[in-house]
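What follows is a single structure, written as structure tokens, with notes after it.
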Amino acid sequence: MTDCKSRIIAPSLLAADWSRVAEEVIRAEQAGADWLHLDVMDAHFVDNLSFGPQFVSIVRPHTTLPLDTHLMMTNPDHYLDRFVKAGVNRITVHVEADHDVKKSLAHIRSQGCGCGLALNPATPFDAVLPYVDQIDLLLVMTVVPGYGGQPFMEAETMPKVAAARQYRQEHGLNFHIEVDGGIDHRTVHIAARHGADVMVAGTSLYGAKDMAAAVAAMRECE
Ligand code: DX5
Ligand code: ZN
């Protein structure tokens, strides 16, 4: 299991109050978050529509936290450069999207960003094998993407997290293993036990009365 103290906690801005987004971003940083997770949704790859590069450029100046950008988009290539220009630090695209995965990942890296690959609960781990030597992060979705506040899908997703950790070890790779969806003070331990080291949480952190306490609880060792 990864060392709980080095666990990366990444609140998802999807669950924040967008009418006060600057304050919400500062709140996450002051609460001790390590990254800020930006859930970009295009109303095509997923049902929901969230925000784009212009919104990200409004967020950027208010935080020094790395902006961990999750593109739930059918055609991410069309927007990669605009998110880079908006100041993001890492970009994750979906293996299921309509693009040349290798090309997208290489392009993200060529722009100086960390590159990540995401897979939905129904997508087998084998689908990402051709690319894992090219990524800085593997995002194992723990809900069907589109909306916050959904229940954690343990049975469908934890075996993939464990498989990713094993594959990484056997092949001397060192990508982060990120989970996203239904992560709270309880499920964070299940994900960590299987090998996840980056925890994305929207509802359980932005919905918490005391965000700092909720972030700290996410870092507690089991
Ligand atoms: C995909 C989104 C959500 C969000 C976190 O739907 O990526 O998973 O980040 O959602 P909750 O509110 O479950 O932490
Ligand atoms: Zn996400």
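Going through the structure tokens in order, the chains are called A, B, and so on, while each chain numbers its residues from 1 and the ligands are numbered from 1 in the order shown.
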**Message:** Set the distance at 9 Å and use only C-alpha atoms: which residues neighbour A:Val128 once local chain neighbours fewer than 6 positions away are removed? I'd like the list as a PyMOL selection string.
**Reply:** chain A and resi 95+117-119+138
**Message:** Residues near stretch 156-168 of chain A, anyone? I mean within 12 Å using only C-alpha atoms, not counting same-chain ones fewer than 6 positions away, as number ranges by chain.
**Reply:** A: 1-2, 118-129, 132-133, 135-144, 174-182, 187-198
**Item:** Nearby residues, ligand 1, 10 Å, only C-alpha atoms and all ligand atoms, as a ChimeraX atom specification
**Value:** /A:10-16,37-41,46-48,69-72,120,139,141-152,179-184,199-207
**Item:** Counting only C-alpha atoms and all ligand atoms, the residue of A:Ser104, A:Asn75, A:Thr92, A:Ser6 that sits nearest ligand 2
**Value:**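 Checking each of A:Ser104, A:Asn75, A:Thr92, A:Ser6 against ligand 2, counting only C-alpha atoms and all ligand atoms, the winner is A:Thr92.
Around A:Val88, within 9 Å and counting only C-alpha atoms, the residues found are Val56, Ser57, Arg60, Pro66, Leu67, Asp68, Thr69 and Cys113 of chain A, once anything fewer than 6 positions away on its own chain is removed.
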Selection export as a PDB file, in the first residue's frame, atoms kept: all heavy atoms:
ATOM      1  N   VAL A  56     -11.029  27.843 -16.743  1.00  0.00           N
ATOM      2  CA  VAL A  56      -9.748  27.449 -16.129  1.00  0.00           C
ATOM      3  C   VAL A  56      -8.817  28.655 -16.026  1.00  0.00           C
ATOM      4  O   VAL A  56      -8.137  28.848 -15.005  1.00  0.00           O
ATOM      5  CB  VAL A  56      -9.092  26.309 -16.952  1.00  0.00           C
ATOM      6  CG1 VAL A  56      -7.686  26.006 -16.444  1.00  0.00           C
ATOM      7  CG2 VAL A  56      -9.955  25.048 -16.912  1.00  0.00           C
ATOM      8  N   SER A  57      -8.830  29.514 -17.025  1.00  0.00           N
ATOM      9  CA  SER A  57      -7.919  30.682 -16.959  1.00  0.00           C
ATOM     10  C   SER A  57      -8.366  31.663 -15.870  1.00  0.00           C
ATOM     11  O   SER A  57      -7.551  32.422 -15.340  1.00  0.00           O
ATOM     12  CB  SER A  57      -7.816  31.372 -18.322  1.00  0.00           C
ATOM     13  OG  SER A  57      -9.083  31.630 -18.818  1.00  0.00           O
ATOM     14  N   ARG A  60      -6.899  29.862 -12.629  1.00  0.00           N
ATOM     15  CA  ARG A  60      -5.439  29.750 -12.556  1.00  0.00           C
ATOM     16  C   ARG A  60      -4.758  30.729 -11.594  1.00  0.00           C
ATOM     17  O   ARG A  60      -3.959  30.364 -10.780  1.00  0.00           O
ATOM     18  CB  ARG A  60      -4.848  29.818 -13.968  1.00  0.00           C
ATOM     19  CG  ARG A  60      -3.324  29.689 -14.075  1.00  0.00           C
ATOM     20  CD  ARG A  60      -2.713  28.371 -13.718  1.00  0.00           C
ATOM     21  NE  ARG A  60      -2.599  28.139 -12.308  1.00  0.00           N
ATOM     22  CZ  ARG A  60      -2.130  26.988 -11.797  1.00  0.00           C
ATOM     23  NH1 ARG A  60      -1.750  26.002 -12.562  1.00  0.00           N
ATOM     24  NH2 ARG A  60      -2.042  26.804 -10.497  1.00  0.00           N
ATOM     25  N   PRO A  66      -1.203  22.465  -8.462  1.00  0.00           N
ATOM     26  CA  PRO A  66      -1.229  21.911  -9.826  1.00  0.00           C
ATOM     27  C   PRO A  66      -2.673  21.684 -10.266  1.00  0.00           C
ATOM     28  O   PRO A  66      -3.480  21.166  -9.481  1.00  0.00           O
ATOM     29  CB  PRO A  66      -0.479  20.583  -9.690  1.00  0.00           C
ATOM     30  CG  PRO A  66       0.351  20.713  -8.462  1.00  0.00           C
ATOM     31  CD  PRO A  66      -0.409  21.620  -7.536  1.00  0.00           C
ATOM     32  N   LEU A  67      -2.997  22.093 -11.482  1.00  0.00           N
ATOM     33  CA  LEU A  67      -4.345  21.890 -12.034  1.00  0.00           C
ATOM     34  C   LEU A  67      -4.346  20.574 -12.810  1.00  0.00           C
ATOM     35  O   LEU A  67      -3.750  20.469 -13.886  1.00  0.00           O
ATOM     36  CB  LEU A  67      -4.735  23.073 -12.928  1.00  0.00           C
ATOM     37  CG  LEU A  67      -4.806  24.441 -12.224  1.00  0.00           C
ATOM     38  CD1 LEU A  67      -5.245  25.529 -13.210  1.00  0.00           C
ATOM     39  CD2 LEU A  67      -5.714  24.412 -10.998  1.00  0.00           C
ATOM     40  N   ASP A  68      -5.018  19.600 -12.233  1.00  0.00           N
ATOM     41  CA  ASP A  68      -5.068  18.219 -12.754  1.00  0.00           C
ATOM     42  C   ASP A  68      -6.341  18.098 -13.575  1.00  0.00           C
ATOM     43  O   ASP A  68      -7.432  17.989 -13.023  1.00  0.00           O
ATOM     44  CB  ASP A  68      -5.097  17.275 -11.526  1.00  0.00           C
ATOM     45  CG  ASP A  68      -5.290  15.819 -11.880  1.00  0.00           C
ATOM     46  OD1 ASP A  68      -4.673  15.353 -12.870  1.00  0.00           O
ATOM     47  OD2 ASP A  68      -6.063  15.131 -11.173  1.00  0.00           O
ATOM     48  N   THR A  69      -6.203  18.171 -14.904  1.00  0.00           N
ATOM     49  CA  THR A  69      -7.358  18.361 -15.778  1.00  0.00           C
ATOM     50  C   THR A  69      -7.804  17.059 -16.428  1.00  0.00           C
ATOM     51  O   THR A  69      -7.020  16.405 -17.128  1.00  0.00           O
ATOM     52  CB  THR A  69      -6.968  19.384 -16.872  1.00  0.00           C
ATOM     53  OG1 THR A  69      -6.374  20.510 -16.210  1.00  0.00           O
ATOM     54  CG2 THR A  69      -8.174  19.839 -17.666  1.00  0.00           C
ATOM     55  N   CYS A 113       3.221  19.498 -20.134  1.00  0.00           N
ATOM     56  CA  CYS A 113       2.249  19.041 -19.118  1.00  0.00           C
ATOM     57  C   CYS A 113       2.466  17.562 -18.812  1.00  0.00           C
ATOM     58  O   CYS A 113       2.925  16.803 -19.673  1.00  0.00           O
ATOM     59  CB  CYS A 113       0.825  19.181 -19.669  1.00  0.00           C
ATOM     60  SG  CYS A 113       0.209  20.858 -19.641  1.00  0.00           S
TER      61      CYS A 113
END
**Request:** Using only C-alpha atoms and all ligand atoms, pick whichever of A:Ala86, A:Met73, A:Leu105, A:Met211 has the shortest atom-to-atom distance to ligand 2.
**Result:**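 Smallest separation from ligand 2 among the options: A:Met73.
Between atom CA of A:Arg82 and atom CA of A:Gln54 lies a distance of 8.6 Å.
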**Message:** With DSSP run on the backbone, what are the helix (DSSP H, G or I) residues within stretch 6-206 of chain A? I'd like them as a PyMOL selection string.
**Reply:** chain A and resi 6+13-15+18-30+53-62+76-78+80-86+101-110+125-134+154-170+187-194+203-206
**Item:** Contacts of A:His62 at 10 Å (only C-alpha atoms; same-chain gap of 5+ positions) as a ChimeraX atom specification
**Value:** /A:21-26,29,57
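When only C-alpha atoms are used to measure the gap to A:Ala97, the shortest distance among A:Met153, A:Phe45, A:Lys209, A:Met218 belongs to A:Phe45.
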**Asked** Looking at only C-alpha atoms and all ligand atoms, which of A:Gly116, A:His44, A:Glu170, A:Pro61 is the one that sits closest to ligand 2?
**Response**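 Looking only at the distances to ligand 2, the closest residue turns out to be A:Gly116.
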